[in-house]
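For reference, upload.cif is printed below; it contains mmCIF, C-alpha atoms.
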data_target
loop_
_atom_site.label_atom_id
_atom_site.label_comp_id
_atom_site.auth_asym_id
_atom_site.auth_seq_id
_atom_site.Cartn_x
_atom_site.Cartn_y
_atom_site.Cartn_z
CA MET A 1 -7.34 14.35 -158.19
CA GLN A 2 -9.03 11.53 -156.32
CA ARG A 3 -5.82 10.23 -154.64
CA SER A 4 -6.16 6.47 -154.78
CA PRO A 5 -5.90 5.71 -151.01
CA HIS A 6 -8.82 7.99 -150.27
CA SER A 7 -10.98 6.81 -153.17
CA ARG A 8 -10.27 3.16 -152.38
CA GLY A 9 -11.19 3.77 -148.76
CA THR A 10 -14.44 5.43 -149.82
CA ILE A 11 -15.38 2.60 -152.19
CA LEU A 12 -14.49 -0.15 -149.71
CA GLY A 13 -16.18 1.59 -146.78
CA THR A 14 -19.38 2.21 -148.69
CA THR A 15 -19.50 -1.32 -150.08
CA ALA A 16 -18.79 -2.89 -146.69
CA VAL A 17 -21.47 -0.96 -144.80
CA VAL A 18 -24.10 -1.53 -147.50
CA SER A 19 -23.20 -5.23 -147.63
CA LYS A 20 -23.54 -5.55 -143.87
CA VAL A 21 -27.00 -3.97 -143.92
CA LEU A 22 -28.09 -6.28 -146.74
CA LEU A 23 -26.71 -9.40 -145.04
CA THR A 24 -28.58 -8.61 -141.84
CA ASN A 25 -31.81 -7.69 -143.70
CA SER A 26 -31.80 -10.07 -146.65
CA ALA A 27 -35.59 -10.08 -146.94
CA ALA A 28 -35.58 -6.35 -147.71
CA ILE A 29 -33.15 -6.58 -150.63
CA ASP A 30 -34.49 -4.88 -153.77
CA TRP A 31 -32.17 -5.03 -156.77
CA ALA A 32 -34.10 -2.19 -158.37
CA LEU A 33 -32.26 0.05 -155.89
CA LEU A 34 -28.85 -0.79 -157.38
CA PRO A 35 -28.73 2.28 -159.68
CA ARG A 36 -29.53 4.48 -156.69
CA ALA A 37 -26.76 2.85 -154.67
CA LEU A 38 -24.28 3.48 -157.49
CA MET A 39 -25.41 7.11 -157.62
CA GLY A 40 -24.69 7.36 -153.91
CA LEU A 41 -21.19 5.97 -154.43
CA ALA A 42 -20.64 8.44 -157.27
CA ALA A 43 -21.69 11.29 -154.97
CA LEU A 44 -19.20 10.16 -152.31
CA LEU A 45 -16.42 10.01 -154.88
CA CYS A 46 -17.37 13.50 -156.03
CA GLY A 47 -17.08 14.71 -152.46
CA ASN A 48 -13.76 12.94 -152.11
CA GLY A 49 -12.51 14.59 -155.30
CA TYR A 50 -13.57 18.03 -154.08
CA ILE A 51 -11.92 17.72 -150.67
CA VAL A 52 -8.70 16.23 -152.03
CA GLY A 53 -8.69 18.64 -154.97
CA ILE A 54 -8.91 21.87 -153.00
CA ASN A 55 -6.22 20.55 -150.69
CA GLN A 56 -3.94 20.10 -153.71
CA ILE A 57 -4.74 23.61 -154.96
CA TYR A 58 -3.75 25.26 -151.70
CA ASP A 59 -0.82 22.91 -151.07
CA VAL A 60 1.13 23.68 -154.24
CA ASP A 61 4.21 24.91 -152.37
CA ILE A 62 4.18 21.94 -150.02
CA ASP A 63 3.44 19.37 -152.73
CA ALA A 64 6.21 20.78 -154.90
CA VAL A 65 8.58 19.48 -152.21
CA ASN A 66 6.67 16.45 -150.92
CA LYS A 67 4.41 15.37 -153.78
CA PRO A 68 5.55 16.90 -157.05
CA PHE A 69 3.56 14.29 -158.93
CA LEU A 70 0.29 16.04 -158.10
CA PRO A 71 -1.10 17.71 -161.19
CA VAL A 72 -1.22 21.31 -159.92
CA ALA A 73 2.13 21.61 -158.14
CA ALA A 74 4.54 21.13 -160.98
CA VAL A 75 2.89 23.49 -163.39
CA ASN A 76 3.19 26.22 -160.77
CA LYS A 77 6.70 25.32 -159.62
CA PRO A 78 8.49 24.70 -162.94
CA PHE A 79 11.77 26.00 -161.51
CA LEU A 80 12.09 23.05 -159.13
CA PRO A 81 14.44 20.32 -160.37
CA VAL A 82 13.06 16.83 -160.58
CA ALA A 83 15.30 15.79 -157.70
CA ALA A 84 13.62 18.37 -155.44
CA VAL A 85 10.34 16.53 -155.49
CA ASP A 86 9.68 13.02 -154.33
CA LYS A 87 6.02 12.39 -155.23
CA PRO A 88 5.49 13.62 -158.78
CA PHE A 89 2.16 11.80 -159.22
CA LEU A 90 -0.29 14.40 -157.83
CA PRO A 91 -1.88 16.16 -160.78
CA VAL A 92 -1.68 19.75 -159.54
CA ALA A 93 1.83 19.49 -158.17
CA ALA A 94 3.11 17.71 -161.25
CA GLY A 95 1.75 20.38 -163.55
CA ASP A 96 -0.88 18.26 -165.27
CA LEU A 97 -3.54 20.76 -164.19
CA SER A 98 -3.46 24.53 -163.94
CA PRO A 99 -5.12 26.13 -160.89
CA ALA A 100 -7.99 27.43 -163.04
CA THR A 101 -8.70 23.97 -164.46
CA ALA A 102 -8.37 22.42 -161.03
CA TRP A 103 -10.90 24.88 -159.59
CA LEU A 104 -13.38 24.10 -162.36
CA LEU A 105 -13.02 20.41 -161.64
CA VAL A 106 -13.38 20.59 -157.87
CA LEU A 107 -16.33 22.98 -157.94
CA GLY A 108 -17.99 20.80 -160.56
CA LEU A 109 -17.46 17.72 -158.40
CA ALA A 110 -18.95 19.44 -155.35
CA ALA A 111 -21.98 20.65 -157.30
CA ALA A 112 -22.54 17.25 -158.91
CA GLY A 113 -22.26 15.43 -155.58
CA LEU A 114 -24.70 17.77 -153.84
CA ALA A 115 -27.17 17.48 -156.71
CA ILE A 116 -27.04 13.68 -156.65
CA VAL A 117 -27.55 13.50 -152.89
CA ALA A 118 -30.34 16.08 -152.82
CA ALA A 119 -32.20 14.28 -155.59
CA ASN A 120 -31.90 10.78 -154.13
CA PHE A 121 -31.28 10.70 -150.38
CA GLY A 122 -33.37 13.27 -148.56
CA PRO A 123 -32.62 16.33 -146.43
CA LEU A 124 -30.67 14.71 -143.56
CA ILE A 125 -28.11 13.01 -145.80
CA THR A 126 -27.89 16.16 -147.94
CA GLN A 127 -27.11 18.21 -144.82
CA LEU A 128 -24.49 15.70 -143.66
CA TYR A 129 -22.94 15.69 -147.13
CA GLY A 130 -22.81 19.49 -147.17
CA PHE A 131 -21.29 19.46 -143.69
CA GLY A 132 -18.58 17.11 -144.93
CA LEU A 133 -17.79 19.46 -147.83
CA LEU A 134 -17.65 22.38 -145.38
CA LEU A 135 -15.19 20.54 -143.15
CA GLY A 136 -13.05 19.73 -146.16
CA THR A 137 -13.10 23.39 -147.15
CA VAL A 138 -12.06 24.84 -143.79
CA TYR A 139 -9.38 22.15 -143.60
CA SER A 140 -7.60 23.52 -146.67
CA VAL A 141 -8.83 27.00 -147.56
CA PRO A 142 -7.61 30.27 -145.98
CA PRO A 143 -8.20 32.11 -143.77
CA LEU A 144 -9.00 29.19 -141.47
CA ARG A 145 -6.90 26.50 -143.19
CA LEU A 146 -7.19 24.29 -140.14
CA LYS A 147 -4.73 21.75 -141.51
CA ARG A 148 -2.05 24.10 -140.14
CA PHE A 149 -2.99 22.96 -136.64
CA ALA A 150 -2.49 19.36 -135.62
CA VAL A 151 -5.54 18.86 -133.38
CA PRO A 152 -8.26 20.47 -135.58
CA ALA A 153 -6.76 18.68 -138.60
CA PHE A 154 -7.04 15.20 -137.14
CA MET A 155 -10.52 15.94 -135.74
CA ILE A 156 -11.76 16.90 -139.20
CA ILE A 157 -10.30 13.80 -140.86
CA ALA A 158 -11.65 11.51 -138.15
CA THR A 159 -15.12 13.08 -138.37
CA VAL A 160 -15.40 12.88 -142.15
CA ARG A 161 -13.91 9.43 -142.69
CA GLY A 162 -15.06 7.94 -139.41
CA PHE A 163 -18.50 9.17 -138.44
CA LEU A 164 -19.98 10.89 -141.49
CA LEU A 165 -19.15 8.17 -143.99
CA ASN A 166 -20.24 5.18 -141.93
CA PHE A 167 -23.32 6.72 -140.33
CA GLY A 168 -24.39 8.42 -143.55
CA VAL A 169 -24.13 5.28 -145.68
CA TYR A 170 -25.86 3.17 -143.02
CA TYR A 171 -28.72 5.64 -142.59
CA ALA A 172 -29.20 6.08 -146.34
CA THR A 173 -29.17 2.32 -146.97
CA ARG A 174 -31.79 1.57 -144.33
CA ALA A 175 -33.95 4.44 -145.60
CA ALA A 176 -33.71 3.16 -149.19
CA LEU A 177 -34.78 -0.31 -148.01
CA GLN A 178 -37.67 1.34 -146.12
CA LEU A 179 -36.34 0.07 -142.81
CA PRO A 180 -36.66 2.20 -139.66
CA PHE A 181 -33.39 3.56 -138.37
CA GLU A 182 -31.83 1.72 -135.45
CA TRP A 183 -28.26 1.42 -134.29
CA HIS A 184 -26.88 -2.07 -134.77
CA PRO A 185 -23.85 -3.20 -132.71
CA SER A 186 -21.90 -3.93 -135.89
CA ILE A 187 -22.40 -0.37 -137.15
CA ILE A 188 -21.54 1.12 -133.78
CA PHE A 189 -18.38 -0.98 -133.87
CA ILE A 190 -17.24 -0.03 -137.38
CA THR A 191 -18.05 3.65 -136.82
CA CYS A 192 -15.99 3.79 -133.61
CA PHE A 193 -13.22 1.61 -135.01
CA VAL A 194 -12.82 3.60 -138.22
CA THR A 195 -13.01 6.91 -136.36
CA MET A 196 -10.04 5.82 -134.25
CA PHE A 197 -8.28 4.44 -137.32
CA ALA A 198 -8.90 7.69 -139.23
CA THR A 199 -7.35 9.54 -136.29
CA VAL A 200 -4.23 7.41 -136.67
CA ILE A 201 -4.16 8.10 -140.41
CA ALA A 202 -4.56 11.80 -139.66
CA ILE A 203 -1.55 11.92 -137.33
CA THR A 204 0.67 9.65 -139.44
CA LYS A 205 -0.22 10.99 -142.89
CA ASP A 206 2.37 13.74 -142.58
CA LEU A 207 5.25 11.42 -141.76
CA PRO A 208 6.38 11.30 -145.42
CA ASP A 209 5.79 15.07 -145.82
CA ILE A 210 7.76 16.50 -142.92
CA GLU A 211 10.26 18.48 -145.02
CA GLY A 212 7.65 20.34 -147.04
CA ASP A 213 5.56 20.99 -143.94
CA LYS A 214 8.52 22.48 -142.08
CA ALA A 215 9.40 24.66 -145.06
CA ASN A 216 5.86 26.06 -145.18
CA ASN A 217 5.29 26.40 -141.43
CA ILE A 218 2.62 23.70 -141.31
CA GLU A 219 2.30 22.35 -137.79
CA THR A 220 1.74 18.60 -137.70
CA PHE A 221 2.33 15.93 -135.12
CA ALA A 222 5.32 14.80 -137.19
CA THR A 223 6.97 18.24 -137.18
CA ARG A 224 6.33 18.67 -133.46
CA MET A 225 7.14 15.22 -132.13
CA GLY A 226 9.41 13.67 -134.75
CA VAL A 227 8.93 10.71 -137.07
CA LYS A 228 9.82 8.00 -134.55
CA ASN A 229 7.53 9.24 -131.80
CA VAL A 230 4.57 9.76 -134.11
CA SER A 231 4.95 6.33 -135.71
CA LEU A 232 5.09 4.69 -132.28
CA LEU A 233 2.05 6.69 -131.16
CA GLY A 234 0.14 5.51 -134.23
CA VAL A 235 1.11 1.89 -133.58
CA GLY A 236 0.00 2.15 -129.95
CA MET A 237 -3.37 3.65 -130.92
CA LEU A 238 -4.00 0.94 -133.51
CA LEU A 239 -3.08 -1.82 -131.08
CA LEU A 240 -5.55 -0.35 -128.61
CA ASN A 241 -8.13 -0.25 -131.40
CA TYR A 242 -7.60 -3.96 -132.09
CA VAL A 243 -7.92 -4.82 -128.41
CA MET A 244 -11.15 -2.82 -128.25
CA ALA A 245 -12.44 -4.72 -131.30
CA VAL A 246 -11.87 -8.04 -129.54
CA GLY A 247 -13.56 -6.74 -126.41
CA PHE A 248 -16.52 -5.49 -128.43
CA ALA A 249 -16.94 -8.89 -130.06
CA LEU A 250 -16.91 -10.64 -126.69
CA LYS A 251 -19.32 -8.12 -125.15
CA PHE A 252 -21.86 -8.44 -127.99
CA SER A 253 -21.10 -12.00 -129.01
CA SER A 254 -24.62 -12.68 -130.26
CA HIS A 255 -24.17 -10.03 -132.98
CA PHE A 256 -20.71 -11.01 -134.23
CA ASN A 257 -18.77 -13.95 -135.60
CA VAL A 258 -16.47 -13.97 -132.60
CA PRO A 259 -13.75 -16.34 -133.91
CA VAL A 260 -13.41 -14.31 -137.10
CA MET A 261 -13.39 -11.00 -135.21
CA ILE A 262 -10.72 -12.15 -132.77
CA GLY A 263 -8.58 -13.95 -135.36
CA ALA A 264 -8.67 -11.12 -137.90
CA HIS A 265 -7.73 -8.42 -135.41
CA ALA A 266 -5.03 -10.55 -133.79
CA LEU A 267 -3.49 -11.13 -137.23
CA ALA A 268 -3.74 -7.43 -138.05
CA ALA A 269 -1.96 -6.58 -134.80
CA VAL A 270 0.87 -8.99 -135.65
CA VAL A 271 1.25 -7.44 -139.11
CA LEU A 272 1.31 -3.97 -137.58
CA LEU A 273 4.01 -4.93 -135.08
CA LEU A 274 6.13 -6.51 -137.81
CA ARG A 275 5.86 -3.39 -139.99
CA SER A 276 6.73 -1.19 -137.02
CA ALA A 277 9.78 -3.33 -136.24
CA LYS A 278 10.87 -3.12 -139.88
CA LEU A 279 10.53 0.67 -139.78
CA GLY A 280 12.70 0.90 -136.67
CA ALA A 281 15.30 -1.49 -138.10
CA ALA A 282 15.56 0.71 -141.21
CA GLY A 283 16.32 3.75 -139.08
CA TYR A 284 13.14 5.63 -140.02
CA THR A 285 14.45 6.49 -143.48
CA GLN A 286 12.17 8.19 -146.01
CA ALA A 287 11.63 4.97 -147.97
CA ALA A 288 10.84 3.02 -144.79
CA VAL A 289 8.41 5.70 -143.61
CA ASN A 290 6.61 5.67 -146.97
CA SER A 291 6.29 1.88 -146.82
CA PHE A 292 5.05 1.98 -143.22
CA TYR A 293 2.38 4.56 -144.09
CA ARG A 294 1.21 2.47 -147.05
CA TRP A 295 0.78 -0.46 -144.69
CA ILE A 296 -1.35 1.65 -142.38
CA TRP A 297 -3.71 2.12 -145.33
CA ASN A 298 -3.55 -1.60 -146.20
CA LEU A 299 -4.71 -2.47 -142.69
CA PHE A 300 -7.49 0.11 -143.05
CA TYR A 301 -8.65 -1.51 -146.30
CA ALA A 302 -8.47 -4.96 -144.70
CA GLU A 303 -10.87 -3.93 -141.94
CA TYR A 304 -13.55 -2.93 -144.43
CA LEU A 305 -12.95 -6.00 -146.60
CA LEU A 306 -13.52 -8.27 -143.61
CA PHE A 307 -16.30 -6.27 -141.99
CA PRO A 308 -19.21 -8.07 -143.73
CA LEU A 309 -17.84 -11.35 -142.30
CA PHE A 310 -17.86 -10.03 -138.73
#
For the structure just supplied, provide its representation as structure tokens.
Amino acid sequence: MQRSPHSRGTILGTTAVVSKVLLTNSAAIDWALLPRALMGLAALLCGNGYIVGINQIYDVDIDAVNKPFLPVAAVNKPFLPVAAVDKPFLPVAAGDLSPATAWLLVLGLAAAGLAIVAANFGPLITQLYGFGLLLGTVYSVPPLRLKRFAVPAFMIIATVRGFLLNFGVYYATRAALQLPFEWHPSIIFITCFVTMFATVIAITKDLPDIEGDKANNIETFATRMGVKNVSLLGVGMLLLNYVMAVGFALKFSSHFNVPVMIGAHALAAVVLLLRSAKLGAAGYTQAAVNSFYRWIWNLFYAEYLLFPLF
């Protein structure tokens, strides 16, 4: 139910932001706060499980075509031959979970996450956490089901994974260390960078799912513009993001390790261009698109892994 790309992104993002705060405020480190930090990570994973889980519940028809490995889709689409599905790993689509069991799990995750946050992180973080759950709900659940519309869908994903995660973790970490809140250039950078990156993920995430989306009248950038145009748009946005990262490092050079910032983002841009060229050379086949999208996530993970070094 967690969907490994999302859970890995949550774990890496949380760890990177916390590490950056600790590295820049080493005198305030208190290892007695470690259990509280782990509780915060558990709450974020609960929220991730809720948002991903309700999306699987309401996407059974789509996942039965695109992601039959999800645990809810297959149990509800037993008439589909194995060849009709190409991603049999999602627990709802694959039939590992019934809708009733899935609902119990996702509601339990939401309740557990809210309880953890309310008990440990104060009213502001609790409100932001609840807001994130609300956005995840209107993204997937009728009658709004905003994922049907390309622009609201990418705005929700960018807000949750870009702003809410990075700002929320940063604010909560400083509060736990009893440090007054202040924006640091590194946090402004990672929040803006990841928000842009999350936007790219939001518009490219449907590249592998175009057939199921068309069959269920889900409007995405991929169904409207085509696989080639959307992949090129994503590459262009990420290249711009890397250029902005270099510019940010040069503008605030006293707050960053400039050689590492420039070298890392230049290397990432080269990798991105090579993967894009490979996608084009393969003729934008399904296998090539899947590989390209996985590499988008790999570059996302790499940014968080390197962030404490910036």
>> Using all atoms listed in the file and a cutoff of 12 Å, can you tell me which residues are near (-34.3, 1.8, -150.8) in the file's coordinates, and write them out as a list of chain:residue names?
In response: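 Those within range, by chain then number, are A:Val18, A:Val21, A:Leu22, A:Ala28, A:Ile29, A:Asp30, A:Trp31, A:Ala32, A:Leu33, A:Leu34, A:Pro35, A:Arg36, A:Ala37, A:Gly40, A:Asn120, A:Phe121, A:Gly122, A:Val169, A:Tyr170, A:Tyr171, A:Ala172, A:Thr173, A:Arg174, A:Ala175, A:Ala176, A:Leu177, A:Gln178, A:Leu179, A:Pro180.
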> Counting all atoms listed in the file, which of A:Ala102, A:Val230, A:Ala288, A:Ala282 gets nearest to Ile203 (chain A)?
Replying inline: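 Between A:Ala102, A:Val230, A:Ala288, A:Ala282, the residue approaching Ile203 (chain A) most closely is A:Val230.
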>> Show me, as number ranges by chain, the residues that have an atom within 9 Å of Thr15 (chain A) when counting only C-alpha atoms, minus same-chain residues fewer than 6 positions from it.
In response: A: 41, 304-305
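Among A:Ala111, A:His265, A:Ala198, A:Phe256, the residue with the shortest atom-to-atom distance to Pro308 (chain A), counting all atoms listed in the file, is A:Phe256.
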>> With only C-alpha atoms as the counted atoms, please give the residues lying no more than 9 Å from Leu128 (chain A), apart from itself and same-chain residues fewer than 4 positions off, as an NGL selection string.
In response: :A and (123-124 or 132-133 or 164 or 168)
> Gly236 (chain A): which residues within 12 Å, counting only C-alpha atoms, same-chain residues fewer than 6 positions away excluded, as a list in words?
Replying inline: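 Once the adjacent positions are removed, what remains is Met196, Phe197, Val200, Asn229, Val230, Tyr242, Val243, Ala269, Leu272, Leu273 and Ser276 of chain A.
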>> Could you check the closest approach to Met225 (chain A) for each of A:Val258, A:Ile11, A:Val270, A:Ala150 and tell me which residue wins, using all atoms listed in the file?
In response: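 Looking only at the distances to Met225 (chain A), the closest residue turns out to be A:Ala150.
Shell of Trp103 (chain A) at 10 Å, with only C-alpha atoms counted and residues fewer than 6 places along the chain excluded, is Tyr50, Gly53, Ile54, Ile57, Leu97 and Leu109 of chain A.
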>> If the PyMOL selection byres ((chain A and resi 151) around 10) were run on this exact file, what residues would it hold? Put them as a list in words.
In response: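 On the file shown, the PyMOL selection byres ((chain A and resi 151) around 10) covers Leu146, Lys147, Arg148, Phe149, Ala150, Pro152, Ala153, Phe154, Met155, Ile156, Thr199, Ala202, Ile203, Glu219, Thr220 and Phe221 of chain A.
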> Counting only C-alpha atoms, which of A:Leu309, A:Ala277, A:Val160, A:Ala222 gets nearest to Met261 (chain A)?
Replying inline: A:Leu309
>> To one decimal place in Å, what is the distance between CA of Thr159 (chain A) and CA of Val194 (chain A)?
In response: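 Here the two named atoms are 9.8 Å from each other.
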> Skipping near chain neighbours, those fewer than 4 positions away, what residues fall within 7 Å of Arg161 (chain A) using all atoms listed in the file, listed as an NGL selection string?
Replying inline: :A and (157 or 165 or 195 or 198)
Once you add 6 Å to each side, what are the centre and edge lengths of the axis-aligned box holding all listed atoms of region 44-47 of chain A? One decimal in Å, as JSON, if you can.
{"center_x": -17.8, "center_y": 12.4, "center_z": -154.2, "size_x": 14.8, "size_y": 16.7, "size_z": 15.7}
>> Using all atoms listed in the file for the distances, tell me which of A:Ala264, A:Ala245, A:Val138, A:Leu306 is nearest to Asn55 (chain A).
In response: A:Val138
>> Please determine, counting only C-alpha atoms, which residue among A:Tyr293, A:Phe181, A:Phe300, A:Tyr129 has the shortest atom-to-atom distance to Phe193 (chain A).
In response: A:Phe300
>> Rounded to one decimal, what separation in Å do you get between CA of Val235 (chain A) and CA of Trp297 (chain A)?
In response: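 CA of Val235 (chain A) sits 12.7 Å away from CA of Trp297 (chain A).
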>> Please report the interatomic distance between CA of Leu134 (chain A) and CA of Ala158 (chain A) in Å with one decimal.
In response: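 So the two atoms, CA of Leu134 (chain A) and CA of Ala158 (chain A), lie 14.4 Å apart.
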>> To test your reading of the syntax: which residues would the PyMOL selection byres ((chain A and resi 112) around 12) return for the file shown? Reply as a PyMOL selection string.
In response: chain A and resi 39-40+42-50+104-111+113-119+129-130
Residues as selected, C-alpha atoms, written as a CSV table (one decimal), in the coordinates of the input, can you do that?
chain,number,residue,atom,x,y,z
A,39,MET,CA,-25.4,7.1,-157.6
A,40,GLY,CA,-24.7,7.4,-153.9
A,42,ALA,CA,-20.6,8.4,-157.3
A,43,ALA,CA,-21.7,11.3,-155.0
A,44,LEU,CA,-19.2,10.2,-152.3
A,45,LEU,CA,-16.4,10.0,-154.9
A,46,CYS,CA,-17.4,13.5,-156.0
A,47,GLY,CA,-17.1,14.7,-152.5
A,48,ASN,CA,-13.8,12.9,-152.1
A,49,GLY,CA,-12.5,14.6,-155.3
A,50,TYR,CA,-13.6,18.0,-154.1
A,104,LEU,CA,-13.4,24.1,-162.4
A,105,LEU,CA,-13.0,20.4,-161.6
A,106,VAL,CA,-13.4,20.6,-157.9
A,107,LEU,CA,-16.3,23.0,-157.9
A,108,GLY,CA,-18.0,20.8,-160.6
A,109,LEU,CA,-17.5,17.7,-158.4
A,110,ALA,CA,-19.0,19.4,-155.4
A,111,ALA,CA,-22.0,20.6,-157.3
A,113,GLY,CA,-22.3,15.4,-155.6
A,114,LEU,CA,-24.7,17.8,-153.8
A,115,ALA,CA,-27.2,17.5,-156.7
A,116,ILE,CA,-27.0,13.7,-156.6
A,117,VAL,CA,-27.6,13.5,-152.9
A,118,ALA,CA,-30.3,16.1,-152.8
A,119,ALA,CA,-32.2,14.3,-155.6
A,129,TYR,CA,-22.9,15.7,-147.1
A,130,GLY,CA,-22.8,19.5,-147.2
Write region 11-26 of chain A as a PDB file, in the frame of the given file, completed to N, CA and C atoms.
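The new file selection-v5.pdb reads:
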ATOM      1  N   ILE A  11     -14.682   3.700-151.509  1.00  0.00           N
ATOM      2  CA  ILE A  11     -15.380   2.600-152.190  1.00  0.00           C
ATOM      3  C   ILE A  11     -15.521   1.398-151.270  1.00  0.00           C
ATOM      4  N   LEU A  12     -14.429   1.017-150.598  1.00  0.00           N
ATOM      5  CA  LEU A  12     -14.490  -0.150-149.710  1.00  0.00           C
ATOM      6  C   LEU A  12     -15.408   0.095-148.523  1.00  0.00           C
ATOM      7  N   GLY A  13     -15.328   1.290-147.934  1.00  0.00           N
ATOM      8  CA  GLY A  13     -16.180   1.590-146.780  1.00  0.00           C
ATOM      9  C   GLY A  13     -17.650   1.561-147.141  1.00  0.00           C
ATOM     10  N   THR A  14     -17.986   2.183-148.255  1.00  0.00           N
ATOM     11  CA  THR A  14     -19.380   2.210-148.690  1.00  0.00           C
ATOM     12  C   THR A  14     -19.886   0.802-148.976  1.00  0.00           C
ATOM     13  N   THR A  15     -19.100   0.047-149.727  1.00  0.00           N
ATOM     14  CA  THR A  15     -19.500  -1.320-150.080  1.00  0.00           C
ATOM     15  C   THR A  15     -19.653  -2.195-148.844  1.00  0.00           C
ATOM     16  N   ALA A  16     -18.739  -2.049-147.889  1.00  0.00           N
ATOM     17  CA  ALA A  16     -18.790  -2.890-146.690  1.00  0.00           C
ATOM     18  C   ALA A  16     -20.023  -2.589-145.849  1.00  0.00           C
ATOM     19  N   VAL A  17     -20.317  -1.311-145.637  1.00  0.00           N
ATOM     20  CA  VAL A  17     -21.470  -0.960-144.800  1.00  0.00           C
ATOM     21  C   VAL A  17     -22.773  -1.377-145.471  1.00  0.00           C
ATOM     22  N   VAL A  18     -22.891  -1.115-146.773  1.00  0.00           N
ATOM     23  CA  VAL A  18     -24.100  -1.530-147.500  1.00  0.00           C
ATOM     24  C   VAL A  18     -24.251  -3.046-147.441  1.00  0.00           C
ATOM     25  N   SER A  19     -23.145  -3.764-147.661  1.00  0.00           N
ATOM     26  CA  SER A  19     -23.200  -5.230-147.630  1.00  0.00           C
ATOM     27  C   SER A  19     -23.648  -5.742-146.271  1.00  0.00           C
ATOM     28  N   LYS A  20     -23.155  -5.114-145.208  1.00  0.00           N
ATOM     29  CA  LYS A  20     -23.540  -5.550-143.870  1.00  0.00           C
ATOM     30  C   LYS A  20     -25.029  -5.345-143.633  1.00  0.00           C
ATOM     31  N   VAL A  21     -25.561  -4.215-144.077  1.00  0.00           N
ATOM     32  CA  VAL A  21     -27.000  -3.970-143.920  1.00  0.00           C
ATOM     33  C   VAL A  21     -27.799  -5.010-144.700  1.00  0.00           C
ATOM     34  N   LEU A  22     -27.372  -5.313-145.911  1.00  0.00           N
ATOM     35  CA  LEU A  22     -28.090  -6.280-146.740  1.00  0.00           C
ATOM     36  C   LEU A  22     -28.015  -7.688-146.143  1.00  0.00           C
ATOM     37  N   LEU A  23     -26.856  -8.063-145.611  1.00  0.00           N
ATOM     38  CA  LEU A  23     -26.710  -9.400-145.040  1.00  0.00           C
ATOM     39  C   LEU A  23     -27.567  -9.589-143.799  1.00  0.00           C
ATOM     40  N   THR A  24     -27.772  -8.511-143.051  1.00  0.00           N
ATOM     41  CA  THR A  24     -28.580  -8.610-141.840  1.00  0.00           C
ATOM     42  C   THR A  24     -30.066  -8.326-142.095  1.00  0.00           C
ATOM     43  N   ASN A  25     -30.408  -7.954-143.328  1.00  0.00           N
ATOM     44  CA  ASN A  25     -31.810  -7.690-143.700  1.00  0.00           C
ATOM     45  C   ASN A  25     -32.076  -8.220-145.102  1.00  0.00           C
ATOM     46  N   SER A  26     -31.749  -9.495-145.307  1.00  0.00           N
ATOM     47  CA  SER A  26     -31.800 -10.070-146.650  1.00  0.00           C
ATOM     48  C   SER A  26     -33.206 -10.038-147.253  1.00  0.00           C
TER      49      SER A  26
END
